[in-house]
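Reading through the structure tokens given below for one structure.
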Amino acid sequence: QITDAAFKKGLSEEYVNKMLTYLNKIFNYGLEMGYVQFNPVKRIPKYKRPDKIIDEDDFYTPDEFEQFIQCFPKNKENGEYVCYVIVNLLYFMGCRFGECVALTMNDIDMDKGTIRFNKTVARYVQGRSYLVTPPKTKNSIRTVTMPKFLCDEMQDCLKLYYSLQPDDRIFPVTKYYLNHEMERGCKASGVKKIRVHDLRHSHVSLLINMGYTALAIGK
């Protein structure tokens, strides 16, 4: 009934899901305090508008990404190379931005060429500039193998640091700064501008072009 009413009123997915999140927190608190016996909000699935039209411009095709990344600024002297590596991670690993910038040296296994995603960075939480938290879902905890060229890029990136400790974040970069660098890459390459998160959508496009099924992509 809640989601049906939201659709009739024309409410956005973001607005409805935020309200469901707040309701969920309220009922969870009620459970802890003994005010209620169960949380009915847990039975409500994430709201998706049935009439939503997917924007065909919110991702790069493999050809578009190749054109884009070839023109991406990657000077190692002024920090551009770090953003270059992040963009490749977001595209080829399909990770979220928060997961990427939460990575530490403990998460990287250069011998096996793998990355362990097990946390994320939330911005402006509890009055702090950032807070490292558990990932979005349990399924978000995963170990992914890097392509050989990406493993080489990671090694080149890590050489830029001299005193990085095992628990230090590798990429202390804001989404604002990365977005700025992406805009420079778009202007240089002539490709359309997409959001940072749309690189994750572009990863799906890449997997489709490689012949993966919807089930495999979901996993």
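The way I read the labels, and the way they are meant: chains A, B, ... in the order of the structure tokens, residue 1 as the first residue of every chain, and ligand 1 as the first ligand shown, with later ones counted on from there.
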**Message:** To test your reading of the structure, identify every residue in chain A that backbone DSSP assigns to strand (DSSP E), and report it as a VMD selection string.
**Reply:** chain A and resid 108 to 109 114 to 117 120 to 123 130 to 133 142 to 145
**Request:** Would you mind listing what lies within 6 Å of region 89-103 of chain A as a PyMOL selection string, with only C-alpha atoms counted and same-chain residues fewer than 6 positions away left out?
**Result:** chain A and resi 119-121+169-171+199-200+203
Can you write just those residues out, C-alpha atoms, as a CSV table (one decimal), in the first residue's frame?
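Final output, again-v3.csv:
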```csv
chain,number,residue,atom,x,y,z
A,119,LYS,CA,34.0,-1.7,3.8
A,120,THR,CA,33.0,1.6,2.5
A,121,VAL,CA,33.5,5.3,3.2
A,169,ARG,CA,43.6,4.4,3.0
A,170,ILE,CA,45.2,4.1,-0.4
A,171,PHE,CA,42.9,6.7,-2.1
A,199,LEU,CA,31.1,3.9,-14.1
A,200,ARG,CA,29.5,1.0,-12.1
A,203,HIS,CA,30.9,-2.1,-15.8
```
**Prompt:** Looking at only C-alpha atoms, which of A:Val85, A:Ile217, A:Ala122, A:Leu164 is the one that sits closest to Pro73 (chain A)?
**Reply:** A:Val85
**Request:** Counting only C-alpha atoms, figure out which residue out of A:Glu80, A:Asp198, A:Asp63, A:Asp109 gets nearest to Thr143 (chain A).
**Result:** A:Asp109
**Request:** Find the distance between CA of Glu181 (chain A) and CA of Lys74 (chain A) and write it in Å to one decimal.
**Result:**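 So the answer is 9.6 Å.
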**Message:** Which residue is closest to Val41 (chain A)? Choose from A:Leu160, A:Asn17, A:Ile208, A:Pro62 and count only C-alpha atoms.
**Reply:**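 Looking only at the distances to Val41 (chain A), the closest residue turns out to be A:Asn17.
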Distance query region 19-31 of chain A at most 9 Å, only C-alpha atoms, self and fewer than 6 positions along chain excluded, as a CSV table (one decimal) with all heavy atoms, in the first residue's frame:
```csv
chain,number,residue,atom,x,y,z
A,37,GLN,N,6.6,-5.6,18.9
A,37,GLN,CA,6.9,-7.0,18.8
A,37,GLN,C,7.7,-7.4,17.5
A,37,GLN,O,8.4,-8.3,17.5
A,37,GLN,CB,5.7,-7.9,19.0
A,37,GLN,CG,5.0,-7.6,20.3
A,37,GLN,CD,5.9,-7.9,21.5
A,37,GLN,OE1,6.6,-8.9,21.5
A,37,GLN,NE2,5.9,-7.0,22.5
A,38,PHE,N,7.4,-6.6,16.5
A,38,PHE,CA,8.1,-6.9,15.2
A,38,PHE,C,8.2,-5.6,14.4
A,38,PHE,O,7.6,-4.6,14.7
A,38,PHE,CB,7.3,-8.0,14.4
A,38,PHE,CG,6.0,-7.5,13.9
A,38,PHE,CD1,5.9,-7.1,12.5
A,38,PHE,CD2,4.9,-7.4,14.7
A,38,PHE,CE1,4.7,-6.6,12.0
A,38,PHE,CE2,3.6,-7.0,14.2
A,38,PHE,CZ,3.5,-6.6,12.9
A,39,ASN,N,9.1,-5.7,13.3
A,39,ASN,CA,9.3,-4.5,12.5
A,39,ASN,C,8.6,-4.8,11.1
A,39,ASN,O,9.1,-5.5,10.3
A,39,ASN,CB,10.8,-4.3,12.3
A,39,ASN,CG,11.1,-3.1,11.4
A,39,ASN,OD1,10.2,-2.5,10.8
A,39,ASN,ND2,12.4,-2.8,11.2
A,40,PRO,N,7.5,-4.2,10.8
A,40,PRO,CA,6.7,-4.4,9.6
A,40,PRO,C,7.5,-3.9,8.4
A,40,PRO,O,7.2,-4.3,7.2
A,40,PRO,CB,5.4,-3.7,9.8
A,40,PRO,CG,5.7,-2.6,10.8
A,40,PRO,CD,6.8,-3.2,11.7
A,41,VAL,N,8.4,-2.9,8.6
A,41,VAL,CA,9.0,-2.3,7.4
A,41,VAL,C,10.0,-3.3,6.7
A,41,VAL,O,10.2,-3.1,5.5
A,41,VAL,CB,9.8,-1.0,7.9
A,41,VAL,CG1,10.5,-0.3,6.7
A,41,VAL,CG2,8.9,-0.1,8.6
A,42,LYS,N,10.5,-4.2,7.5
A,42,LYS,CA,11.4,-5.2,6.9
A,42,LYS,C,10.7,-6.0,5.8
A,42,LYS,O,11.4,-6.7,4.9
A,42,LYS,CB,12.0,-6.2,8.0
A,42,LYS,CG,13.0,-5.5,8.8
A,42,LYS,CD,13.7,-6.5,9.7
A,42,LYS,CE,14.8,-5.9,10.5
A,42,LYS,NZ,15.9,-5.4,9.7
A,44,ILE,N,8.8,-4.7,3.5
A,44,ILE,CA,8.6,-3.9,2.3
A,44,ILE,C,9.9,-3.9,1.5
A,44,ILE,O,11.0,-3.5,2.0
A,44,ILE,CB,8.3,-2.4,2.8
A,44,ILE,CG1,7.1,-2.4,3.7
A,44,ILE,CG2,8.0,-1.6,1.5
A,44,ILE,CD1,6.7,-1.1,4.2
A,46,LYS,N,12.7,-2.7,-1.5
A,46,LYS,CA,13.1,-1.4,-1.9
A,46,LYS,C,12.2,-0.9,-3.1
A,46,LYS,O,11.9,-1.7,-4.0
A,46,LYS,CB,14.6,-1.5,-2.4
A,46,LYS,CG,15.2,-0.2,-2.8
A,46,LYS,CD,16.7,-0.4,-3.1
A,46,LYS,CE,17.3,1.0,-3.5
A,46,LYS,NZ,18.7,0.8,-3.8
A,47,TYR,N,11.8,0.3,-3.0
A,47,TYR,CA,10.8,0.8,-4.0
A,47,TYR,C,11.5,1.2,-5.3
A,47,TYR,O,12.5,1.8,-5.3
A,47,TYR,CB,10.2,2.1,-3.4
A,47,TYR,CG,9.2,2.8,-4.3
A,47,TYR,CD1,8.1,2.1,-4.8
A,47,TYR,CD2,9.4,4.1,-4.7
A,47,TYR,CE1,7.2,2.8,-5.7
A,47,TYR,CE2,8.6,4.8,-5.6
A,47,TYR,CZ,7.5,4.1,-6.1
A,47,TYR,OH,6.6,4.7,-6.9
```
**Prompt:** CA of Glu183 (chain A) to CA of Phe68 (chain A): how many Å, to one decimal?
**Reply:**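 About the pair CA of Glu183 (chain A) and CA of Phe68 (chain A): they are 10.2 Å apart.
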Selection near Ile115 (chain A), 10 Å with only C-alpha atoms, sequence-local residues under 3 positions removed, as a PDB file with N, CA, C and O atoms, in the first residue's frame:
```pdb
ATOM      1  N   MET A  93      36.384  -3.186 -12.156  1.00  0.00           N
ATOM      2  CA  MET A  93      36.060  -4.008 -10.991  1.00  0.00           C
ATOM      3  C   MET A  93      34.588  -3.894 -10.594  1.00  0.00           C
ATOM      4  O   MET A  93      34.091  -4.672  -9.789  1.00  0.00           O
ATOM      5  N   CYS A 100      35.875   1.829  -3.078  1.00  0.00           N
ATOM      6  CA  CYS A 100      37.201   2.056  -3.660  1.00  0.00           C
ATOM      7  C   CYS A 100      38.066   2.908  -2.737  1.00  0.00           C
ATOM      8  O   CYS A 100      39.213   2.555  -2.444  1.00  0.00           O
ATOM      9  N   LEU A 103      39.644   1.371   0.497  1.00  0.00           N
ATOM     10  CA  LEU A 103      40.673   0.328   0.392  1.00  0.00           C
ATOM     11  C   LEU A 103      41.937   0.702   1.156  1.00  0.00           C
ATOM     12  O   LEU A 103      42.370   1.857   1.134  1.00  0.00           O
ATOM     13  N   THR A 104      42.510  -0.297   1.820  1.00  0.00           N
ATOM     14  CA  THR A 104      43.793  -0.134   2.490  1.00  0.00           C
ATOM     15  C   THR A 104      44.769  -1.161   1.912  1.00  0.00           C
ATOM     16  O   THR A 104      44.376  -2.046   1.139  1.00  0.00           O
ATOM     17  N   MET A 105      46.023  -1.064   2.320  1.00  0.00           N
ATOM     18  CA  MET A 105      47.024  -2.014   1.833  1.00  0.00           C
ATOM     19  C   MET A 105      46.676  -3.443   2.233  1.00  0.00           C
ATOM     20  O   MET A 105      47.014  -4.398   1.529  1.00  0.00           O
ATOM     21  N   ASN A 106      45.992  -3.604   3.357  1.00  0.00           N
ATOM     22  CA  ASN A 106      45.581  -4.939   3.800  1.00  0.00           C
ATOM     23  C   ASN A 106      44.604  -5.605   2.839  1.00  0.00           C
ATOM     24  O   ASN A 106      44.439  -6.827   2.873  1.00  0.00           O
ATOM     25  N   ASP A 107      43.932  -4.805   2.024  1.00  0.00           N
ATOM     26  CA  ASP A 107      42.924  -5.336   1.105  1.00  0.00           C
ATOM     27  C   ASP A 107      43.515  -5.762  -0.239  1.00  0.00           C
ATOM     28  O   ASP A 107      42.810  -6.362  -1.053  1.00  0.00           O
ATOM     29  N   ILE A 108      44.776  -5.434  -0.471  1.00  0.00           N
ATOM     30  CA  ILE A 108      45.408  -5.707  -1.757  1.00  0.00           C
ATOM     31  C   ILE A 108      46.375  -6.880  -1.637  1.00  0.00           C
ATOM     32  O   ILE A 108      47.235  -6.882  -0.750  1.00  0.00           O
ATOM     33  N   ASP A 109      46.216  -7.867  -2.504  1.00  0.00           N
ATOM     34  CA  ASP A 109      47.157  -8.991  -2.563  1.00  0.00           C
ATOM     35  C   ASP A 109      47.804  -8.970  -3.940  1.00  0.00           C
ATOM     36  O   ASP A 109      47.238  -9.460  -4.914  1.00  0.00           O
ATOM     37  N   MET A 110      48.976  -8.363  -4.014  1.00  0.00           N
ATOM     38  CA  MET A 110      49.644  -8.219  -5.303  1.00  0.00           C
ATOM     39  C   MET A 110      50.134  -9.560  -5.853  1.00  0.00           C
ATOM     40  O   MET A 110      50.235  -9.743  -7.063  1.00  0.00           O
ATOM     41  N   LYS A 112      48.578 -12.468  -5.644  1.00  0.00           N
ATOM     42  CA  LYS A 112      47.438 -13.121  -6.297  1.00  0.00           C
ATOM     43  C   LYS A 112      46.731 -12.190  -7.282  1.00  0.00           C
ATOM     44  O   LYS A 112      45.902 -12.640  -8.078  1.00  0.00           O
ATOM     45  N   ASN A 118      35.521  -4.937   1.562  1.00  0.00           N
ATOM     46  CA  ASN A 118      34.824  -5.326   2.795  1.00  0.00           C
ATOM     47  C   ASN A 118      34.386  -4.133   3.638  1.00  0.00           C
ATOM     48  O   ASN A 118      34.010  -4.299   4.801  1.00  0.00           O
ATOM     49  N   ARG A 142      33.452  -9.085  -0.933  1.00  0.00           N
ATOM     50  CA  ARG A 142      33.869  -9.971  -2.018  1.00  0.00           C
ATOM     51  C   ARG A 142      35.348  -9.772  -2.325  1.00  0.00           C
ATOM     52  O   ARG A 142      35.915  -8.727  -2.021  1.00  0.00           O
ATOM     53  N   THR A 143      35.946 -10.766  -2.937  1.00  0.00           N
ATOM     54  CA  THR A 143      37.317 -10.693  -3.416  1.00  0.00           C
ATOM     55  C   THR A 143      37.286 -10.797  -4.930  1.00  0.00           C
ATOM     56  O   THR A 143      36.712 -11.751  -5.470  1.00  0.00           O
ATOM     57  N   VAL A 144      37.883  -9.823  -5.602  1.00  0.00           N
ATOM     58  CA  VAL A 144      37.816  -9.747  -7.063  1.00  0.00           C
ATOM     59  C   VAL A 144      39.232  -9.745  -7.637  1.00  0.00           C
ATOM     60  O   VAL A 144      40.123  -9.083  -7.106  1.00  0.00           O
ATOM     61  N   THR A 145      39.417 -10.485  -8.718  1.00  0.00           N
ATOM     62  CA  THR A 145      40.718 -10.550  -9.376  1.00  0.00           C
ATOM     63  C   THR A 145      40.872  -9.383 -10.347  1.00  0.00           C
ATOM     64  O   THR A 145      39.974  -9.107 -11.136  1.00  0.00           O
ATOM     65  N   MET A 146      42.014  -8.714 -10.283  1.00  0.00           N
ATOM     66  CA  MET A 146      42.298  -7.595 -11.182  1.00  0.00           C
ATOM     67  C   MET A 146      42.846  -8.101 -12.512  1.00  0.00           C
ATOM     68  O   MET A 146      43.609  -9.072 -12.538  1.00  0.00           O
ATOM     69  N   CYS A 151      46.505  -4.481 -12.333  1.00  0.00           N
ATOM     70  CA  CYS A 151      47.422  -4.826 -11.251  1.00  0.00           C
ATOM     71  C   CYS A 151      48.723  -4.030 -11.396  1.00  0.00           C
ATOM     72  O   CYS A 151      49.262  -3.521 -10.406  1.00  0.00           O
TER      73      CYS A 151
END
```
